[in-house]
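Just entry_15.cif here, mmCIF, C-alpha atoms:
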```
data_coords
#
loop_
_atom_site.label_atom_id
_atom_site.label_comp_id
_atom_site.auth_asym_id
_atom_site.auth_seq_id
_atom_site.Cartn_x
_atom_site.Cartn_y
_atom_site.Cartn_z
CA MET A 1 -43.36 -12.63 -27.62
CA ARG A 2 -41.01 -15.14 -29.24
CA LYS A 3 -38.09 -12.73 -28.91
CA PHE A 4 -38.90 -12.15 -25.26
CA LEU A 5 -39.01 -15.91 -24.59
CA ALA A 6 -35.74 -16.35 -26.47
CA VAL A 7 -34.03 -13.67 -24.36
CA LEU A 8 -35.45 -15.22 -21.19
CA ALA A 9 -34.21 -18.65 -22.23
CA VAL A 10 -30.72 -17.26 -22.87
CA LEU A 11 -30.69 -15.61 -19.44
CA LEU A 12 -31.82 -18.79 -17.72
CA ALA A 13 -29.23 -20.85 -19.59
CA GLY A 14 -26.53 -18.36 -18.61
CA GLY A 15 -27.61 -18.51 -14.98
CA ILE A 16 -27.57 -22.30 -14.96
CA VAL A 17 -24.14 -22.45 -16.58
CA THR A 18 -22.75 -19.87 -14.16
CA ALA A 19 -24.19 -21.73 -11.18
CA ALA A 20 -22.76 -25.01 -12.44
CA LEU A 21 -19.30 -23.51 -12.95
CA THR A 22 -19.21 -21.78 -9.58
CA ALA A 23 -20.63 -24.78 -7.75
CA GLY A 24 -18.26 -27.26 -9.31
CA THR A 25 -15.44 -26.51 -6.88
CA ARG A 26 -17.75 -27.16 -3.89
CA HIS A 27 -19.19 -30.41 -5.14
CA GLY A 28 -19.06 -32.98 -2.34
CA TYR A 29 -17.31 -30.57 0.00
CA LEU A 30 -16.24 -32.37 3.18
CA ASP A 31 -18.29 -35.38 2.12
CA PRO A 32 -16.65 -38.67 3.21
CA ARG A 33 -18.16 -40.31 0.10
CA SER A 34 -16.55 -37.84 -2.33
CA ALA A 35 -13.20 -38.45 -4.02
CA ASP A 36 -12.98 -34.83 -5.23
CA PRO A 37 -10.07 -32.74 -3.95
CA SER A 38 -12.51 -30.98 -1.61
CA GLY A 39 -14.06 -34.24 -0.39
CA SER A 40 -12.99 -36.43 2.55
CA ARG A 41 -13.18 -39.95 1.20
CA ALA A 42 -9.49 -40.62 1.83
CA LEU A 43 -9.93 -39.95 5.55
CA ALA A 44 -13.01 -42.18 5.73
CA GLU A 45 -11.09 -45.05 4.11
CA LEU A 46 -8.19 -44.64 6.52
CA LEU A 47 -10.60 -44.72 9.44
CA GLN A 48 -12.24 -47.85 8.02
CA ASP A 49 -8.85 -49.58 7.85
CA ARG A 50 -8.52 -48.90 11.59
CA GLY A 51 -11.91 -50.35 12.39
CA VAL A 52 -13.83 -47.08 12.65
CA THR A 53 -17.24 -47.07 10.97
CA THR A 54 -18.23 -43.81 9.27
CA ARG A 55 -21.93 -43.01 9.02
CA VAL A 56 -23.25 -39.97 7.15
CA VAL A 57 -26.36 -38.14 8.41
CA THR A 58 -27.99 -35.01 7.02
CA THR A 59 -30.49 -33.95 9.70
CA ALA A 60 -30.14 -32.78 13.29
CA ARG A 61 -32.60 -35.45 14.41
CA GLU A 62 -30.41 -38.24 13.01
CA ALA A 63 -27.28 -36.69 14.50
CA ALA A 64 -28.82 -36.36 17.95
CA ALA A 65 -30.16 -39.93 17.83
CA ALA A 66 -26.75 -41.32 16.81
CA ALA A 67 -24.81 -39.62 19.62
CA GLY A 68 -23.52 -42.01 22.31
CA PRO A 69 -20.53 -42.88 24.50
CA GLY A 70 -18.91 -44.92 21.71
CA THR A 71 -19.51 -42.30 19.03
CA THR A 72 -17.64 -39.30 17.64
CA LEU A 73 -20.05 -36.77 16.18
CA LEU A 74 -18.52 -34.48 13.55
CA VAL A 75 -20.63 -31.38 12.77
CA THR A 76 -19.23 -29.95 9.52
CA ALA A 77 -21.20 -26.68 9.44
CA PRO A 78 -22.61 -25.80 12.86
CA ASP A 79 -23.25 -22.15 11.89
CA ARG A 80 -25.85 -23.26 9.34
CA LEU A 81 -28.10 -24.80 11.96
CA GLY A 82 -31.18 -23.04 13.30
CA ALA A 83 -31.53 -22.20 16.98
CA GLY A 84 -33.95 -25.04 17.68
CA ARG A 85 -31.71 -27.64 16.12
CA LEU A 86 -28.64 -26.30 17.91
CA SER A 87 -30.41 -26.66 21.26
CA ALA A 88 -31.59 -30.19 20.46
CA LEU A 89 -28.09 -31.18 19.35
CA ARG A 90 -26.50 -29.69 22.47
CA SER A 91 -28.91 -31.54 24.76
CA ALA A 92 -28.23 -34.85 23.01
CA THR A 93 -24.43 -34.53 23.06
CA ASP A 94 -24.29 -33.39 26.69
CA LEU A 95 -26.04 -36.56 27.81
CA ALA A 96 -24.37 -38.93 25.34
CA GLY A 97 -20.91 -38.99 26.89
CA GLY A 98 -19.12 -39.19 23.53
CA ARG A 99 -16.97 -36.75 21.60
CA THR A 100 -18.37 -33.88 19.52
CA VAL A 101 -16.11 -32.22 16.93
CA LEU A 102 -17.24 -28.83 15.61
CA LEU A 103 -15.72 -27.40 12.43
CA ALA A 104 -15.21 -23.62 12.47
CA PRO A 105 -18.06 -22.71 14.82
CA SER A 106 -18.53 -18.95 15.31
CA GLY A 107 -21.09 -16.43 16.55
CA PRO A 108 -24.35 -18.21 15.66
CA SER A 109 -23.46 -21.63 17.12
CA LEU A 110 -20.77 -21.04 19.78
CA PRO A 111 -23.07 -19.69 22.54
CA VAL A 112 -25.20 -22.86 22.29
CA LEU A 113 -22.74 -25.64 21.55
CA ALA A 114 -19.75 -24.26 23.48
CA PRO A 115 -20.89 -21.68 26.06
CA GLY A 116 -18.13 -19.37 27.24
CA VAL A 117 -15.97 -19.77 24.11
CA ARG A 118 -15.63 -16.90 21.68
CA THR A 119 -13.71 -16.34 18.48
CA SER A 120 -10.64 -14.12 18.40
CA GLY A 121 -10.19 -13.59 14.66
CA GLU A 122 -8.68 -15.32 11.66
CA ALA A 123 -5.68 -17.60 11.99
CA ARG A 124 -2.54 -17.21 9.89
CA PRO A 125 -0.39 -18.94 8.62
CA ASP A 126 -1.95 -22.14 7.30
CA VAL A 127 0.45 -24.66 8.88
CA LEU A 128 0.93 -24.35 12.62
CA ALA A 129 2.88 -26.14 15.35
CA PRO A 130 0.95 -27.91 18.15
CA ASP A 131 2.53 -26.07 21.12
CA CYS A 132 0.42 -28.00 23.64
CA ALA A 133 0.44 -31.22 25.67
CA LEU A 134 -2.42 -32.94 23.84
CA PRO A 135 -1.16 -36.42 22.84
CA ALA A 136 -2.91 -36.34 19.45
CA ALA A 137 -1.30 -32.99 18.61
CA LEU A 138 2.15 -34.00 19.85
CA SER A 139 2.01 -37.19 17.80
CA ALA A 140 0.86 -35.38 14.65
CA GLY A 141 3.23 -32.41 14.85
CA ARG A 142 2.70 -29.51 12.46
CA ALA A 143 -0.66 -29.51 10.71
CA ALA A 144 -2.80 -27.27 8.48
CA THR A 145 -5.10 -26.01 11.23
CA GLY A 146 -4.67 -22.36 10.24
CA SER A 147 -6.40 -20.42 7.48
CA GLY A 148 -9.56 -20.34 9.57
CA LEU A 149 -10.74 -19.15 12.98
CA SER A 150 -8.93 -18.93 16.28
CA TYR A 151 -10.54 -18.95 19.70
CA ALA A 152 -10.11 -17.39 23.10
CA THR A 153 -9.14 -20.13 25.55
CA LEU A 154 -11.37 -21.27 28.38
CA PRO A 155 -10.31 -22.41 31.88
CA GLY A 156 -9.90 -26.16 31.94
CA ALA A 157 -9.67 -26.44 28.14
CA THR A 158 -6.66 -27.70 26.18
CA ALA A 159 -5.50 -25.14 23.61
CA CYS A 160 -3.37 -26.26 20.65
CA TYR A 161 -1.98 -24.94 17.37
CA PRO A 162 -1.93 -21.26 18.35
CA ALA A 163 -1.87 -18.50 15.77
CA GLY A 164 -1.05 -15.07 17.14
CA GLY A 165 -1.42 -16.38 20.68
CA HIS A 166 -4.91 -17.84 20.13
CA PRO A 167 -5.54 -21.56 19.60
CA THR A 168 -7.09 -23.01 16.46
CA LEU A 169 -7.81 -26.33 18.18
CA LEU A 170 -9.62 -26.30 21.51
CA VAL A 171 -10.53 -29.43 23.50
CA LEU A 172 -13.26 -28.93 26.11
CA PRO A 173 -13.41 -31.84 28.60
CA PRO A 174 -16.70 -32.97 30.19
CA GLY A 175 -18.20 -30.36 32.50
CA THR A 176 -16.39 -27.43 30.88
CA THR A 177 -19.41 -26.15 28.98
CA GLY A 178 -21.94 -26.90 31.73
CA ALA A 179 -22.48 -28.85 34.91
CA GLY A 180 -24.60 -31.46 33.17
CA SER A 181 -22.21 -32.07 30.29
CA THR A 182 -20.79 -35.59 30.14
CA GLY A 183 -19.25 -35.43 26.67
CA GLU A 184 -16.04 -33.99 25.26
CA THR A 185 -16.19 -31.14 22.74
CA VAL A 186 -13.44 -30.35 20.20
CA LEU A 187 -13.41 -27.03 18.32
CA LEU A 188 -11.45 -26.82 15.07
CA GLY A 189 -10.93 -23.41 13.46
CA SER A 190 -10.25 -24.88 10.00
CA GLU A 191 -11.38 -27.97 8.13
CA ALA A 192 -8.58 -27.86 5.55
CA PHE A 193 -6.58 -30.77 7.01
CA LEU A 194 -9.60 -33.09 6.58
CA LEU A 195 -9.81 -32.64 2.81
CA ASN A 196 -8.43 -35.13 0.29
CA GLU A 197 -6.08 -32.57 -1.27
CA HIS A 198 -4.34 -31.77 2.06
CA LEU A 199 -4.62 -35.02 4.01
CA ALA A 200 -1.16 -36.29 3.01
CA GLU A 201 0.60 -33.03 3.94
CA GLN A 202 2.46 -32.42 7.21
CA GLY A 203 0.77 -34.21 10.12
CA ASN A 204 -2.77 -33.71 8.82
CA ALA A 205 -3.64 -37.39 8.47
CA SER A 206 -2.33 -38.28 11.93
CA LEU A 207 -4.23 -35.43 13.61
CA ALA A 208 -7.47 -36.24 11.76
CA LEU A 209 -7.28 -39.95 12.58
CA GLN A 210 -6.70 -39.33 16.27
CA LEU A 211 -9.41 -36.68 16.64
CA LEU A 212 -12.07 -38.59 14.69
CA GLY A 213 -10.98 -42.19 15.30
CA SER A 214 -10.85 -42.33 19.09
CA ARG A 215 -14.19 -44.21 19.19
CA PRO A 216 -15.48 -47.13 17.13
CA GLU A 217 -18.15 -45.13 15.30
CA LEU A 218 -17.93 -41.76 13.55
CA VAL A 219 -21.16 -39.92 12.72
CA TRP A 220 -20.43 -37.43 9.95
CA TYR A 221 -23.14 -34.77 10.04
CA LEU A 222 -23.59 -32.78 6.80
CA PRO A 223 -26.42 -30.29 7.54
CA SER A 224 -29.10 -30.11 4.86
CA LEU A 225 -30.98 -27.01 3.71
CA ALA A 226 -33.92 -27.92 5.95
CA ASP A 227 -31.65 -27.60 9.01
CA SER A 228 -30.25 -24.23 7.95
CA ASP A 229 -33.48 -22.20 8.40
CA PRO A 230 -33.49 -20.57 11.85
CA GLU A 231 -37.24 -20.00 11.67
CA THR A 232 -38.07 -23.65 11.08
CA ALA A 233 -40.12 -25.27 13.80
CA ALA A 234 -39.77 -28.81 15.05
CA ASP A 235 -38.03 -31.43 12.93
CA GLY A 236 -41.25 -33.31 12.29
CA GLU A 237 -43.12 -30.32 10.90
CA GLU A 238 -43.63 -30.30 7.17
CA GLN A 239 -42.29 -27.38 5.16
CA SER A 240 -43.50 -25.90 1.93
CA PHE A 241 -41.47 -25.84 -1.26
CA PHE A 242 -40.67 -22.12 -0.92
CA GLU A 243 -39.49 -22.57 2.67
CA LEU A 244 -36.92 -25.10 1.49
CA LEU A 245 -35.49 -22.76 -1.15
CA PRO A 246 -32.44 -20.74 -0.04
CA ALA A 247 -32.86 -16.97 0.14
CA GLY A 248 -30.52 -16.34 -2.79
CA TRP A 249 -32.94 -17.87 -5.28
CA SER A 250 -35.50 -15.11 -4.80
CA TRP A 251 -32.92 -12.47 -5.67
CA ALA A 252 -31.75 -14.45 -8.68
CA LEU A 253 -35.30 -14.79 -10.00
CA LEU A 254 -35.91 -11.07 -9.43
CA GLN A 255 -32.80 -10.19 -11.41
CA LEU A 256 -33.86 -12.48 -14.26
CA LEU A 257 -37.32 -10.89 -14.27
CA VAL A 258 -35.90 -7.36 -14.41
CA ALA A 259 -33.49 -8.34 -17.17
CA GLY A 260 -36.31 -9.94 -19.17
CA VAL A 261 -38.52 -6.83 -18.83
CA LEU A 262 -35.68 -4.54 -19.91
CA ALA A 263 -34.91 -6.78 -22.89
CA ALA A 264 -38.58 -6.75 -23.90
CA LEU A 265 -38.76 -2.96 -23.64
CA TRP A 266 -35.56 -2.64 -25.65
CA ARG A 267 -36.85 -4.87 -28.43
CA ALA A 268 -40.31 -3.28 -28.45
CA ARG A 269 -39.24 0.38 -28.67
CA ARG A 270 -39.83 2.29 -31.91
CA LEU A 271 -36.84 3.59 -33.79
CA GLY A 272 -38.85 6.25 -35.66
CA PRO A 273 -42.14 6.95 -37.47
CA LEU A 274 -43.68 4.31 -39.69
CA VAL A 275 -42.87 4.69 -43.40
CA THR A 276 -44.42 3.14 -46.47
CA GLU A 277 -42.35 0.97 -48.78
CA ARG A 278 -43.08 -0.15 -52.29
CA LEU A 279 -43.39 -3.89 -52.62
CA PRO A 280 -40.89 -5.47 -55.01
CA VAL A 281 -43.65 -7.53 -56.69
CA VAL A 282 -47.35 -6.80 -57.17
CA VAL A 283 -49.55 -9.89 -57.29
CA ARG A 284 -52.96 -9.58 -58.92
CA ALA A 285 -55.95 -10.54 -56.82
CA SER A 286 -57.05 -13.10 -59.43
CA GLU A 287 -53.72 -14.90 -59.17
CA ALA A 288 -53.93 -15.00 -55.38
CA THR A 289 -57.48 -16.33 -55.59
CA GLU A 290 -56.51 -18.96 -58.13
CA GLY A 291 -53.56 -20.10 -56.06
CA ARG A 292 -55.72 -20.41 -52.97
CA ALA A 293 -58.32 -22.41 -54.90
CA ARG A 294 -55.64 -24.81 -56.13
CA LEU A 295 -54.52 -25.38 -52.55
CA TYR A 296 -58.10 -26.16 -51.52
CA ARG A 297 -58.45 -28.57 -54.43
CA LYS A 298 -55.16 -30.32 -53.68
CA ALA A 299 -56.18 -30.79 -50.06
CA GLY A 300 -59.72 -31.85 -50.97
CA ALA A 301 -61.05 -29.15 -48.62
CA ARG A 302 -64.51 -28.71 -50.15
CA ASP A 303 -65.95 -27.89 -46.75
CA ARG A 304 -63.49 -25.04 -46.23
CA ALA A 305 -63.97 -23.74 -49.79
CA ALA A 306 -67.76 -23.78 -49.46
CA THR A 307 -67.56 -21.98 -46.10
CA VAL A 308 -65.35 -19.23 -47.58
CA LEU A 309 -67.64 -18.79 -50.61
CA ARG A 310 -70.80 -18.58 -48.51
CA ALA A 311 -69.24 -16.25 -45.91
CA ALA A 312 -68.01 -13.83 -48.61
CA THR A 313 -71.41 -13.85 -50.32
CA ARG A 314 -73.24 -13.23 -47.04
CA GLU A 315 -71.01 -10.24 -46.24
CA ARG A 316 -71.56 -8.69 -49.67
CA LEU A 317 -75.32 -9.29 -49.53
CA ALA A 318 -75.51 -7.73 -46.07
CA ALA A 319 -73.80 -4.60 -47.39
CA LEU A 320 -76.25 -4.41 -50.31
CA LEU A 321 -79.32 -4.92 -48.12
CA GLY A 322 -78.30 -2.65 -45.25
CA VAL A 323 -77.93 -5.51 -42.76
CA PRO A 324 -75.39 -4.70 -40.01
CA PRO A 325 -72.06 -6.54 -40.48
CA THR A 326 -72.45 -8.18 -37.10
CA ARG A 327 -75.70 -9.84 -38.28
CA ALA A 328 -74.46 -10.84 -41.72
CA HIS A 329 -74.01 -14.47 -40.65
CA ASP A 330 -77.30 -14.73 -38.78
CA PRO A 331 -79.86 -16.73 -40.80
CA ALA A 332 -82.81 -15.17 -38.94
CA THR A 333 -81.73 -11.69 -40.12
CA LEU A 334 -80.11 -12.19 -43.51
CA VAL A 335 -82.44 -14.74 -45.14
CA PRO A 336 -85.65 -12.67 -44.74
CA ALA A 337 -83.87 -9.58 -46.07
CA VAL A 338 -82.64 -11.45 -49.16
CA SER A 339 -86.02 -13.09 -49.78
CA ALA A 340 -87.80 -9.71 -49.59
CA ARG A 341 -85.49 -8.25 -52.23
CA LEU A 342 -85.82 -11.13 -54.69
CA THR A 343 -88.43 -10.91 -57.42
CA PRO A 344 -90.86 -13.78 -57.90
CA ALA A 345 -89.18 -16.58 -59.70
CA PRO A 346 -90.01 -16.60 -63.44
CA GLU A 347 -91.07 -19.63 -65.38
CA PRO A 348 -88.32 -22.12 -66.05
CA GLN A 349 -88.26 -21.42 -69.81
CA GLN A 350 -87.83 -17.64 -69.16
CA ARG A 351 -84.96 -17.86 -66.57
CA PRO A 352 -81.58 -17.16 -68.10
CA GLU A 353 -79.82 -18.78 -65.12
CA PRO A 354 -81.27 -21.30 -62.69
CA ARG A 355 -81.60 -20.11 -59.09
CA PRO A 356 -82.56 -22.33 -56.14
CA ARG A 357 -85.63 -21.16 -54.33
CA ASP A 358 -84.33 -22.05 -50.87
CA VAL A 359 -82.13 -19.07 -49.93
CA ASN A 360 -81.41 -20.50 -46.49
CA ALA A 361 -80.02 -23.74 -47.95
CA LEU A 362 -77.93 -21.77 -50.42
CA LEU A 363 -76.36 -19.40 -47.88
CA PHE A 364 -76.23 -21.71 -44.82
CA GLY A 365 -76.45 -25.19 -46.31
CA THR A 366 -74.37 -28.34 -46.01
CA THR A 367 -71.01 -29.16 -47.56
CA PRO A 368 -71.09 -30.11 -51.28
CA SER A 369 -70.62 -33.82 -51.86
CA ASP A 370 -68.19 -33.50 -54.80
CA ASP A 371 -66.34 -30.96 -56.93
CA ALA A 372 -69.25 -30.61 -59.36
CA ALA A 373 -71.60 -29.70 -56.53
CA LEU A 374 -69.05 -27.16 -55.29
CA VAL A 375 -68.89 -25.52 -58.72
CA ALA A 376 -72.69 -25.47 -58.90
CA LEU A 377 -72.80 -23.82 -55.45
CA ALA A 378 -70.42 -21.10 -56.62
CA ASP A 379 -72.59 -20.48 -59.70
CA HIS A 380 -75.79 -20.28 -57.63
CA LEU A 381 -74.22 -17.90 -55.12
CA ASP A 382 -73.01 -15.66 -57.95
CA ALA A 383 -76.45 -15.69 -59.56
CA LEU A 384 -78.12 -14.86 -56.25
CA GLU A 385 -75.82 -11.90 -55.68
CA ARG A 386 -76.43 -10.54 -59.19
CA GLU A 387 -80.16 -10.83 -58.75
CA VAL A 388 -80.05 -8.93 -55.46
CA ARG A 389 -77.91 -6.23 -57.04
CA THR A 390 -80.29 -5.74 -59.97
CA SER A 391 -83.53 -5.98 -58.05
#
```

Please go through the file and, once you have read it, give me the structure as structure tokens.
Amino acid sequence: MRKFLAVLAVLLAGGIVTAALTAGTRHGYLDPRSADPSGSRALAELLQDRGVTTRVVTTAREAAAAAGPGTTLLVTAPDRLGAGRLSALRSATDLAGGRTVLLAPSGPSLPVLAPGVRTSGEARPDVLAPDCALPAALSAGRAATGSGLSYATLPGATACYPAGGHPTLLVLPPGTTGAGSTGETVLLGSEAFLLNEHLAEQGNASLALQLLGSRPELVWYLPSLADSDPETAADGEEQSFFELLPAGWSWALLQLLVAGVLAALWRARRLGPLVTERLPVVVRASEATEGRARLYRKAGARDRAATVLRAATRERLAALLGVPPTRAHDPATLVPAVSARLTPAPEPQQRPEPRPRDVNALLFGTTPSDDAALVALADHLDALEREVRTS
């Protein structure tokens, strides 16, 4: 069992280390509070210098409540949202009259957040020219909007930074995605130009500031795990612990379980028949008994020593008297059998060895009060056993 637990601990430690190493490059990804190369703190500080307040939210309810005419809502991972949250977000942004920026939306989110728009493939190369009349794009010039998705254009939309004839930046004015829409929607095929490590390259900073800083408040929506479950009901409904776990954890635990079972079977298998082996040293029983007695004496364990002496005597007496081993420690069975075997006690001057008359007290009595009483108990038990043997 210890080997199995050790193997399981090693597997768990390996899994944790692997997860930490692989997750390190995505720590704080697109987070405006993160100074990592994959974070976006540099952009948030530039926006703050220009009077734009950046507010981070992690739920669809907060994002929908924050939408308004003076707000830019940035949705960093729209494809991770469930259908119910996508619908709620679309309803809120349509009526808000502000700007909604979607990063790399595709099949799951496009039909809800940008009806009529579809993806046309991956965009290459990474850095593209604006090739459109959008003032923000013309002012920024070449930017790293490639290395992501491109979209099929929509009538009335402004298409910029084309790759292979398909834009990677698409601006949908109010009314383009529906008659009741009062807000502007911006689709970005790549988020690379928003990251700290690329912000200073080409016209990335200029394009990011103009797209996200056109209004006094920027709501930066980083979807949480609770928003990523498409089967989740309303936002106010409580979820269990297992519903909040991502699907990959179940497979990881299953793999660890299988690996642990295989390791246990490997360690438990026999390599051949059992063989006898001569011990290098033979210890006499008297030496083992003496050593054990010294340990009892050093620990002052008279209760334990008396219990061992009485138990051994009861087992031997039961074998002599034909009492079943299972009843050897039962006073109601053993004491009558011993008393029936004993001869009437002789006169004190004729007894070679004193023997207490109370067999029950001798075999099931209390703990001796001192070492002398313990020695006397051992003598009385030995005398009782000899008498039963000779009777």

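Within 10 Å of the point (-71.4, -10.7, -38.5), and counting all atoms listed in the file, the protein, DNA and RNA residues are Ala311, Arg314, Glu315, Ala318, Val323, Pro324, Pro325, Thr326, Arg327, Ala328, His329 and Asp330 of chain A.
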
Preceding selection exported with C-alpha atoms as a PDB file, in the coordinates of the input:
```pdb
ATOM      1  CA  ALA A 311     -69.240 -16.250 -45.910  1.00  0.00           C
ATOM      2  CA  ARG A 314     -73.240 -13.230 -47.040  1.00  0.00           C
ATOM      3  CA  GLU A 315     -71.010 -10.240 -46.240  1.00  0.00           C
ATOM      4  CA  ALA A 318     -75.510  -7.730 -46.070  1.00  0.00           C
ATOM      5  CA  VAL A 323     -77.930  -5.510 -42.760  1.00  0.00           C
ATOM      6  CA  PRO A 324     -75.390  -4.700 -40.010  1.00  0.00           C
ATOM      7  CA  PRO A 325     -72.060  -6.540 -40.480  1.00  0.00           C
ATOM      8  CA  THR A 326     -72.450  -8.180 -37.100  1.00  0.00           C
ATOM      9  CA  ARG A 327     -75.700  -9.840 -38.280  1.00  0.00           C
ATOM     10  CA  ALA A 328     -74.460 -10.840 -41.720  1.00  0.00           C
ATOM     11  CA  HIS A 329     -74.010 -14.470 -40.650  1.00  0.00           C
ATOM     12  CA  ASP A 330     -77.300 -14.730 -38.780  1.00  0.00           C
TER      13      ASP A 330
END
```

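Look at A:Ser91: the protein and nucleic acid residues within 10 Å of it, using only C-alpha atoms and passing over chain neighbours fewer than 6 places away, are Ala64, Arg85, Val112, Leu113, Gly180 and Ser181 of chain A.
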
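Considering all atoms listed in the file, the residue among A:Ala143, A:Ala372, A:Ala288, A:Ala293 positioned nearest to A:Leu194 is A:Ala143.
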
(message) Residues within 12 Å of A:Asp370, please, as a VMD selection string. Count only C-alpha atoms; anything in the same chain fewer than 6 positions from it doesn't count.
(response) chain A and resid 297 300 to 303 305 to 306 376 to 377

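From atom CA of A:Leu89 back to atom CA of A:Ala66, the distance works out to 10.5 Å.
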
(request) Please work out which residues fall within 10 Å of (4.0, -33.7, 13.1), coordinates as given in the file, with all atoms listed in the file counting, and return them as a list of chain:residue names. (result) A:Leu128, A:Ala129, A:Pro130, A:Ala136, A:Ala137, A:Leu138, A:Ser139, A:Ala140, A:Gly141, A:Arg142, A:Ala143, A:Glu201, A:Gln202, A:Gly203, A:Asn204, A:Ala205, A:Ser206, A:Leu207

Those selected residues, please, written with C-alpha atoms and delivered as a CSV table (one decimal), keeping the file's coordinate frame.
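Generated file (result-v7.csv):
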```csv
chain,number,residue,atom,x,y,z
A,128,LEU,CA,0.9,-24.4,12.6
A,129,ALA,CA,2.9,-26.1,15.4
A,130,PRO,CA,1.0,-27.9,18.2
A,136,ALA,CA,-2.9,-36.3,19.4
A,137,ALA,CA,-1.3,-33.0,18.6
A,138,LEU,CA,2.2,-34.0,19.8
A,139,SER,CA,2.0,-37.2,17.8
A,140,ALA,CA,0.9,-35.4,14.6
A,141,GLY,CA,3.2,-32.4,14.8
A,142,ARG,CA,2.7,-29.5,12.5
A,143,ALA,CA,-0.7,-29.5,10.7
A,201,GLU,CA,0.6,-33.0,3.9
A,202,GLN,CA,2.5,-32.4,7.2
A,203,GLY,CA,0.8,-34.2,10.1
A,204,ASN,CA,-2.8,-33.7,8.8
A,205,ALA,CA,-3.6,-37.4,8.5
A,206,SER,CA,-2.3,-38.3,11.9
A,207,LEU,CA,-4.2,-35.4,13.6
```

Name the residues that the PyMOL selection byres ((chain A and resi 356-366) around 10) pulls out of this structure, and write them as a PDB file with C-alpha atoms, keeping the file's coordinate frame.
```
ATOM      1  CA  ASP A 303     -65.950 -27.890 -46.750  1.00  0.00           C
ATOM      2  CA  ALA A 306     -67.760 -23.780 -49.460  1.00  0.00           C
ATOM      3  CA  THR A 307     -67.560 -21.980 -46.100  1.00  0.00           C
ATOM      4  CA  LEU A 309     -67.640 -18.790 -50.610  1.00  0.00           C
ATOM      5  CA  ARG A 310     -70.800 -18.580 -48.510  1.00  0.00           C
ATOM      6  CA  ALA A 311     -69.240 -16.250 -45.910  1.00  0.00           C
ATOM      7  CA  THR A 313     -71.410 -13.850 -50.320  1.00  0.00           C
ATOM      8  CA  ARG A 314     -73.240 -13.230 -47.040  1.00  0.00           C
ATOM      9  CA  HIS A 329     -74.010 -14.470 -40.650  1.00  0.00           C
ATOM     10  CA  ASP A 330     -77.300 -14.730 -38.780  1.00  0.00           C
ATOM     11  CA  PRO A 331     -79.860 -16.730 -40.800  1.00  0.00           C
ATOM     12  CA  ALA A 332     -82.810 -15.170 -38.940  1.00  0.00           C
ATOM     13  CA  LEU A 334     -80.110 -12.190 -43.510  1.00  0.00           C
ATOM     14  CA  VAL A 335     -82.440 -14.740 -45.140  1.00  0.00           C
ATOM     15  CA  PRO A 336     -85.650 -12.670 -44.740  1.00  0.00           C
ATOM     16  CA  VAL A 338     -82.640 -11.450 -49.160  1.00  0.00           C
ATOM     17  CA  SER A 339     -86.020 -13.090 -49.780  1.00  0.00           C
ATOM     18  CA  LEU A 342     -85.820 -11.130 -54.690  1.00  0.00           C
ATOM     19  CA  PRO A 344     -90.860 -13.780 -57.900  1.00  0.00           C
ATOM     20  CA  ALA A 345     -89.180 -16.580 -59.700  1.00  0.00           C
ATOM     21  CA  PRO A 354     -81.270 -21.300 -62.690  1.00  0.00           C
ATOM     22  CA  ARG A 355     -81.600 -20.110 -59.090  1.00  0.00           C
ATOM     23  CA  THR A 367     -71.010 -29.160 -47.560  1.00  0.00           C
ATOM     24  CA  PRO A 368     -71.090 -30.110 -51.280  1.00  0.00           C
ATOM     25  CA  SER A 369     -70.620 -33.820 -51.860  1.00  0.00           C
ATOM     26  CA  LEU A 377     -72.800 -23.820 -55.450  1.00  0.00           C
ATOM     27  CA  ALA A 378     -70.420 -21.100 -56.620  1.00  0.00           C
ATOM     28  CA  HIS A 380     -75.790 -20.280 -57.630  1.00  0.00           C
ATOM     29  CA  LEU A 381     -74.220 -17.900 -55.120  1.00  0.00           C
ATOM     30  CA  ALA A 383     -76.450 -15.690 -59.560  1.00  0.00           C
ATOM     31  CA  LEU A 384     -78.120 -14.860 -56.250  1.00  0.00           C
TER      32      LEU A 384
END
```

(message) Please enumerate the residues selected by the PyMOL selection byres ((chain A and resi 159) around 8) when evaluated against the supplied file, formatted as a VMD selection string.
(response) chain A and resid 132 153 157 to 158 160 to 162 167 to 171

(request) Calculate how many Å separate atom CA of A:Gly70 from atom CA of A:Pro105, rounding to one decimal. (result) 23.3 Å

(request) Show which residues sit within 10 Å of stretch 210-216 of chain A, as a ChimeraX atom specification. Count all atoms listed in the file, and ignore same-chain residues fewer than 3 positions away. (result) /A:43-44,46-48,50-54,69-74,98-101,135-137,139-140,186,205-207,219-220

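Counting all atoms listed in the file and comparing A:His166, A:Arg294, A:Arg284, A:Arg90, the residue that lies closest to A:Ala65 is A:Arg90.
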
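The gap separating atom CA of A:Thr58 from atom CA of A:Pro223 is 5.0 Å, in Å to one decimal.
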
(request) Using the chain letters and numbering of this document, enumerate as a VMD selection string the residues selected by the PyMOL selection byres ((chain A and resi 42) around 12). (result) chain A and resid 30 to 41 43 to 49 54 193 to 200 204 to 205 208 to 209

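Of the listed residues (A:Glu191, A:Glu184, A:Asp382, A:Glu122), A:Glu191 comes nearest to A:Leu103; the distances count all atoms listed in the file.
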
(request) Extract, using only C-alpha atoms, all DNA, RNA and protein residues at most 10 Å from A:Pro125, discarding same-chain residues fewer than 6 positions from it, and format them as a ChimeraX atom specification. (result) /A:144-148,163-164

(message) I'd like to know which of A:Thr59, A:Thr182, A:Thr289, A:Ser190 is closest to A:Ala92, using all atoms listed in the file.
(response) A:Thr182
